[in-house]
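What follows is a short report on a single structure.
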Amino acid sequence: MPFITKTLVPTKPIKLFLLLMRSLGIGQNSAQKLIDSGRVLQDGKVINDKAAVVDKAVDVIVFEPASQGLKPLFVAKDFAIFDKPSGIMVHPRNRKSGYTLIDEARHFFGQEANITHRIDKETSGLVLVSRHKEAEIQIKQMFEHKKIQKSYLALVRGIVEKELFIDAPIAKNRDYSSVKLKVLIDEKGKSAQTIIKPLRHYEDMTLVEAIPLTGRQHQIRAHLFHVKHPIVGDPIYGVPTDVAIAYLDGKLSENERLRYTKAPRLMLHAYSLRFGYNDTTYHIVSKQDFVGLCEESANHEVDLFAL
């Protein structure tokens, strides 16, 4: 479990943020963040006062990375890139989330390392990690100003005959009572564009390259569902509502998922990143054999539906 509780005992009265800084080896901003997030307690009660002076033990909930051996694909002075397998979250949702990619980032590069963008748990592929706060700010600004080009591979249902330009605004779903989708295509939503290029055809599937020109949540999944080519393995976009509910409730069996989605995982892969950083151009490509995985899924289609 990456979140642990440490007990700090001052030798004399001291300001709380100074105790945190000196005991944990962190900067003032990080110490203040621990206090603001309710992760500092005394006698079981959260301490919210940034100027508090303490003279007895305090408990601090801290993130202590636990590596599982995933090494970065590429390392530069200010950032690194991991080639994430499917099934690993990039960042913990809460203190009980367990192992995530942030464990590896901070195991290799220290407590200031951070994920600069997100991909879904079941999406595999490249994730860009900053090694310190200054780089984090710079890289996130690059994403915001569309200075980082991302390319994905996806196995989709049906035959995509020609290149598609999908221009469909996306809005967050505020009503889960009837539709279990995180985002919806909605004219009142935010502008979103994706280029889809067919690469290889199978019997009733297509391997495509997906190039998002904007960065909306679930953009590629929602756009492909919108044009009636949902991603193979997607248990939310492109399946009956009761199936999506069962998946979200953790009640969808592996056989049922295979029957409805044709794969045991979301067949979406973050394949390449291209960007300029401090006068150097980088083009990083994933080393995972996603194409081979797509061919395996396509060849086993009949067996899956026989379950």
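Numbering starts fresh at 1 for the residues of each chain in the structure tokens, the chains themselves are lettered A, B, ... in the order given, and ligands are numbered from 1 as they appear.
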Inset, instruction - Quick one: pick out all strand (DSSP E or B) residues within region 148-234 of chain A from a backbone DSSP run and write them as JSON, numbers by chain. - result: {"A": [148, 149, 150, 151, 152, 153, 154, 155, 156, 157, 164, 165, 166, 167, 170, 171, 172, 183, 184, 185, 190, 193, 194, 195, 196, 197, 198, 199, 200, 201, 205, 206, 207, 208, 209, 210, 211, 212, 231]}
Written file, previous selection with C-alpha atoms, as a PDB file, in the first residue's frame:
```pdb
ATOM      1  CA  ILE A 148       2.507  17.629 -27.817  1.00  0.00           C
ATOM      2  CA  GLN A 149       1.202  15.371 -30.593  1.00  0.00           C
ATOM      3  CA  LYS A 150      -0.284  12.071 -29.477  1.00  0.00           C
ATOM      4  CA  SER A 151      -1.093   9.106 -31.668  1.00  0.00           C
ATOM      5  CA  TYR A 152      -3.093   6.060 -30.607  1.00  0.00           C
ATOM      6  CA  LEU A 153      -3.800   2.673 -32.123  1.00  0.00           C
ATOM      7  CA  ALA A 154      -7.249   1.170 -31.683  1.00  0.00           C
ATOM      8  CA  LEU A 155      -9.021  -1.969 -32.817  1.00  0.00           C
ATOM      9  CA  VAL A 156     -12.590  -1.009 -33.683  1.00  0.00           C
ATOM     10  CA  ARG A 157     -15.720  -2.839 -34.715  1.00  0.00           C
ATOM     11  CA  LEU A 164     -12.414  10.189 -40.945  1.00  0.00           C
ATOM     12  CA  PHE A 165     -12.359  13.625 -39.384  1.00  0.00           C
ATOM     13  CA  ILE A 166     -14.645  13.556 -36.358  1.00  0.00           C
ATOM     14  CA  ASP A 167     -15.720  16.995 -35.162  1.00  0.00           C
ATOM     15  CA  ILE A 170     -18.086  16.465 -25.854  1.00  0.00           C
ATOM     16  CA  ALA A 171     -19.822  17.183 -22.553  1.00  0.00           C
ATOM     17  CA  LYS A 172     -19.451  15.450 -19.194  1.00  0.00           C
ATOM     18  CA  VAL A 183     -19.038  11.799 -21.467  1.00  0.00           C
ATOM     19  CA  LEU A 184     -21.612  12.399 -24.183  1.00  0.00           C
ATOM     20  CA  ILE A 185     -21.641  13.957 -27.623  1.00  0.00           C
ATOM     21  CA  LYS A 190     -16.577  21.498 -25.520  1.00  0.00           C
ATOM     22  CA  GLN A 193     -11.759  16.758 -32.990  1.00  0.00           C
ATOM     23  CA  THR A 194     -10.161  13.422 -33.813  1.00  0.00           C
ATOM     24  CA  ILE A 195      -8.573  12.096 -37.017  1.00  0.00           C
ATOM     25  CA  ILE A 196      -9.110   8.376 -37.674  1.00  0.00           C
ATOM     26  CA  LYS A 197      -6.938   6.559 -40.240  1.00  0.00           C
ATOM     27  CA  PRO A 198      -7.615   2.913 -41.185  1.00  0.00           C
ATOM     28  CA  LEU A 199      -4.435   0.814 -41.139  1.00  0.00           C
ATOM     29  CA  ARG A 200      -5.511  -2.819 -41.460  1.00  0.00           C
ATOM     30  CA  HIS A 201      -8.784  -4.640 -42.051  1.00  0.00           C
ATOM     31  CA  MET A 205     -12.796  -5.158 -37.382  1.00  0.00           C
ATOM     32  CA  THR A 206     -10.353  -2.426 -38.343  1.00  0.00           C
ATOM     33  CA  LEU A 207      -7.033  -1.420 -36.839  1.00  0.00           C
ATOM     34  CA  VAL A 208      -6.974   2.383 -36.903  1.00  0.00           C
ATOM     35  CA  GLU A 209      -4.656   5.202 -35.945  1.00  0.00           C
ATOM     36  CA  ALA A 210      -6.459   7.800 -33.835  1.00  0.00           C
ATOM     37  CA  ILE A 211      -4.983  11.292 -33.599  1.00  0.00           C
ATOM     38  CA  PRO A 212      -6.755  13.504 -31.038  1.00  0.00           C
ATOM     39  CA  ILE A 231     -13.469   0.175 -29.693  1.00  0.00           C
TER      40      ILE A 231
END
```
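Near Gly98 (chain A), within 12 Å and counting only C-alpha atoms, sit Met1, Pro2, Phe3, Ile4, Phe63, Glu64, Pro65, Ala66, Ser67, Gln68, Ile88, Met89, Val90, His91, Pro92, Arg93, Asn94, Arg95, Leu101, Ile102 and Asp103 of chain A, not including residues fewer than 3 positions from it in the same chain.
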Take the selection from the previous step and output its residues with C-alpha atoms, as a CSV table (one decimal), in the first residue's frame.
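Okay, out27.csv is ready:
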```csv
chain,number,residue,atom,x,y,z
A,1,MET,CA,0.0,0.0,0.0
A,2,PRO,CA,1.7,3.3,-1.1
A,3,PHE,CA,0.0,5.4,1.5
A,4,ILE,CA,1.5,4.9,5.0
A,63,PHE,CA,2.8,8.5,-0.2
A,64,GLU,CA,5.7,6.0,-0.2
A,65,PRO,CA,6.2,4.4,-3.6
A,66,ALA,CA,6.4,0.7,-4.0
A,67,SER,CA,7.9,-0.4,-7.3
A,68,GLN,CA,6.8,-3.5,-9.1
A,88,ILE,CA,-2.4,-0.2,-14.3
A,89,MET,CA,-3.9,3.1,-13.2
A,90,VAL,CA,-1.7,6.1,-13.7
A,91,HIS,CA,-2.6,7.8,-10.5
A,92,PRO,CA,-4.3,6.7,-7.2
A,93,ARG,CA,-8.0,7.7,-6.9
A,94,ASN,CA,-7.8,7.5,-3.2
A,95,ARG,CA,-5.6,6.3,-0.4
A,101,LEU,CA,2.2,4.2,-12.2
A,102,ILE,CA,3.0,7.1,-9.9
A,103,ASP,CA,4.7,4.5,-7.7
```
Inset, instruction - Any chance you could list, as a VMD selection string, the residues in region 132-273 of chain A that come up alpha helix (DSSP H) when DSSP is run on the backbone? - result: chain A and resid 133 to 144 219 to 226 241 to 248 254 to 261
Inset, instruction - Would you please work out which residue, of A:Ala246, A:Leu70, A:Ile236, A:Ile61, is nearest to Thr261 (chain A) when using only C-alpha atoms? - result: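 Smallest separation from Thr261 (chain A) among the options: A:Ile236.
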Legend entry - Distance criterion (only C-alpha atoms): nearest to Tyr277 (chain A) out of A:Val127, A:Ile139, A:Ile14, A:Val46: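 Distance minimum relative to Tyr277 (chain A) lands on A:Ile139.
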Legend entry - Distance criterion (only C-alpha atoms): nearest to Asp55 (chain A) out of A:Ala31, A:Leu8, A:Val285, A:Leu273: A:Leu8
Legend entry - Residues within 7 Å of Leu16 (chain A), only C-alpha atoms, excluding chain neighbours under 2 positions, as a list in words: Ile14, Leu18, Leu19, Leu20, Ala51, Ala52, Val53 and Val54 of chain A
Inset, instruction - Give the answer as one residue: which of A:Glu256, A:Glu203, A:Asp78, A:Asp242 has the shortest atom-to-atom distance to Glu295 (chain A), using only C-alpha atoms? - result: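 Among A:Glu256, A:Glu203, A:Asp78, A:Asp242, it is A:Glu203 that comes nearest to Glu295 (chain A).
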Legend entry - Computed interatomic separation between CA of Gln288 (chain A) and CA of Arg274 (chain A) (Å): 17.4 Å
Legend entry - Which residue of A:Arg259, A:Glu161, A:Lys77, A:Arg106 approaches Glu134 (chain A) most closely, using only C-alpha atoms: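 Looking only at the distances to Glu134 (chain A), the closest residue turns out to be A:Lys77.
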Inset, instruction - Considering only C-alpha atoms, return as a PyMOL selection string whatever protein or nucleic-acid residues lie within 9 Å of Lys147 (chain A), sequence-local ones (same chain, fewer than 6 positions apart) excluded. - result: chain A and resi 141+274-276
Inset, instruction - Compile the contact shell of Ile137 (chain A) as a ChimeraX atom specification: residues with an atom at most 12 Å away, counting only C-alpha atoms, same-chain residues fewer than 4 positions apart removed. - result: /A:78-79,112-117,129-133,141-144
Legend entry - Pairwise distance for CA of Lys45 (chain A) and CA of Gly25 (chain A), rounded to one decimal in Å: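 According to the coordinates, CA of Lys45 (chain A) and CA of Gly25 (chain A) are separated by 23.6 Å.
Compared by their closest atoms to Leu268 (chain A), and using only C-alpha atoms, the residues A:Asp204, A:Glu122, A:Glu296, A:Asp43 rank with A:Glu122 nearest.
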Inset, instruction - Skip Ala244 (chain A) itself and residues of its chain fewer than 3 positions away, then list as a PyMOL selection string all residues within 12 Å of it, counting only C-alpha atoms. - result: chain A and resi 176+178-182+233-241+247-253+256-257+260-261
Store the residues of this selection in a file with C-alpha atoms, as a PDB file, in the first residue's frame.
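result02.pdb, written as the output of this step:
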```pdb
ATOM      1  CA  TYR A 176     -26.083   8.661 -14.517  1.00  0.00           C
ATOM      2  CA  SER A 178     -30.266   6.270 -17.415  1.00  0.00           C
ATOM      3  CA  VAL A 179     -26.974   6.385 -19.339  1.00  0.00           C
ATOM      4  CA  LYS A 180     -23.779   5.051 -17.782  1.00  0.00           C
ATOM      5  CA  LEU A 181     -21.327   7.097 -19.855  1.00  0.00           C
ATOM      6  CA  LYS A 182     -18.728   9.478 -18.474  1.00  0.00           C
ATOM      7  CA  GLY A 233     -13.244  -4.478 -25.599  1.00  0.00           C
ATOM      8  CA  ASP A 234     -14.968  -1.270 -24.477  1.00  0.00           C
ATOM      9  CA  PRO A 235     -17.392  -2.239 -21.682  1.00  0.00           C
ATOM     10  CA  ILE A 236     -19.085   1.179 -21.528  1.00  0.00           C
ATOM     11  CA  TYR A 237     -19.260   2.786 -24.974  1.00  0.00           C
ATOM     12  CA  GLY A 238     -21.058   0.510 -27.423  1.00  0.00           C
ATOM     13  CA  VAL A 239     -22.690  -2.081 -25.155  1.00  0.00           C
ATOM     14  CA  PRO A 240     -26.232  -2.361 -23.738  1.00  0.00           C
ATOM     15  CA  THR A 241     -26.832  -0.209 -20.658  1.00  0.00           C
ATOM     16  CA  TYR A 247     -19.123  -3.661 -15.509  1.00  0.00           C
ATOM     17  CA  LEU A 248     -19.147  -0.481 -13.414  1.00  0.00           C
ATOM     18  CA  ASP A 249     -20.536  -2.437 -10.451  1.00  0.00           C
ATOM     19  CA  GLY A 250     -17.822  -5.074 -10.812  1.00  0.00           C
ATOM     20  CA  LYS A 251     -20.358  -7.770 -11.667  1.00  0.00           C
ATOM     21  CA  LEU A 252     -19.569  -8.403 -15.350  1.00  0.00           C
ATOM     22  CA  SER A 253     -17.935 -11.823 -15.765  1.00  0.00           C
ATOM     23  CA  GLU A 256     -19.904 -11.942 -20.553  1.00  0.00           C
ATOM     24  CA  ARG A 257     -17.409  -9.231 -21.373  1.00  0.00           C
ATOM     25  CA  TYR A 260     -20.413  -8.341 -25.658  1.00  0.00           C
ATOM     26  CA  THR A 261     -17.132  -6.558 -26.390  1.00  0.00           C
TER      27      THR A 261
END
```
Legend entry - Surrounding residues of Leu73 (chain A) excluding itself and chain neighbours under 5 positions, 12 Å, only C-alpha atoms, as a list in words: Phe79, Ala80, Ile81, Phe82, Asp83, Lys84, Pro85, Glu104, Ala105, Gly125, Leu126, Val127, Leu128, Val129, Ile284, Val285, Ser286, Lys287 and Gln288 of chain A
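With CA of Ser86 (chain A) on one side and CA of Val291 (chain A) on the other, the separation reads 14.3 Å.
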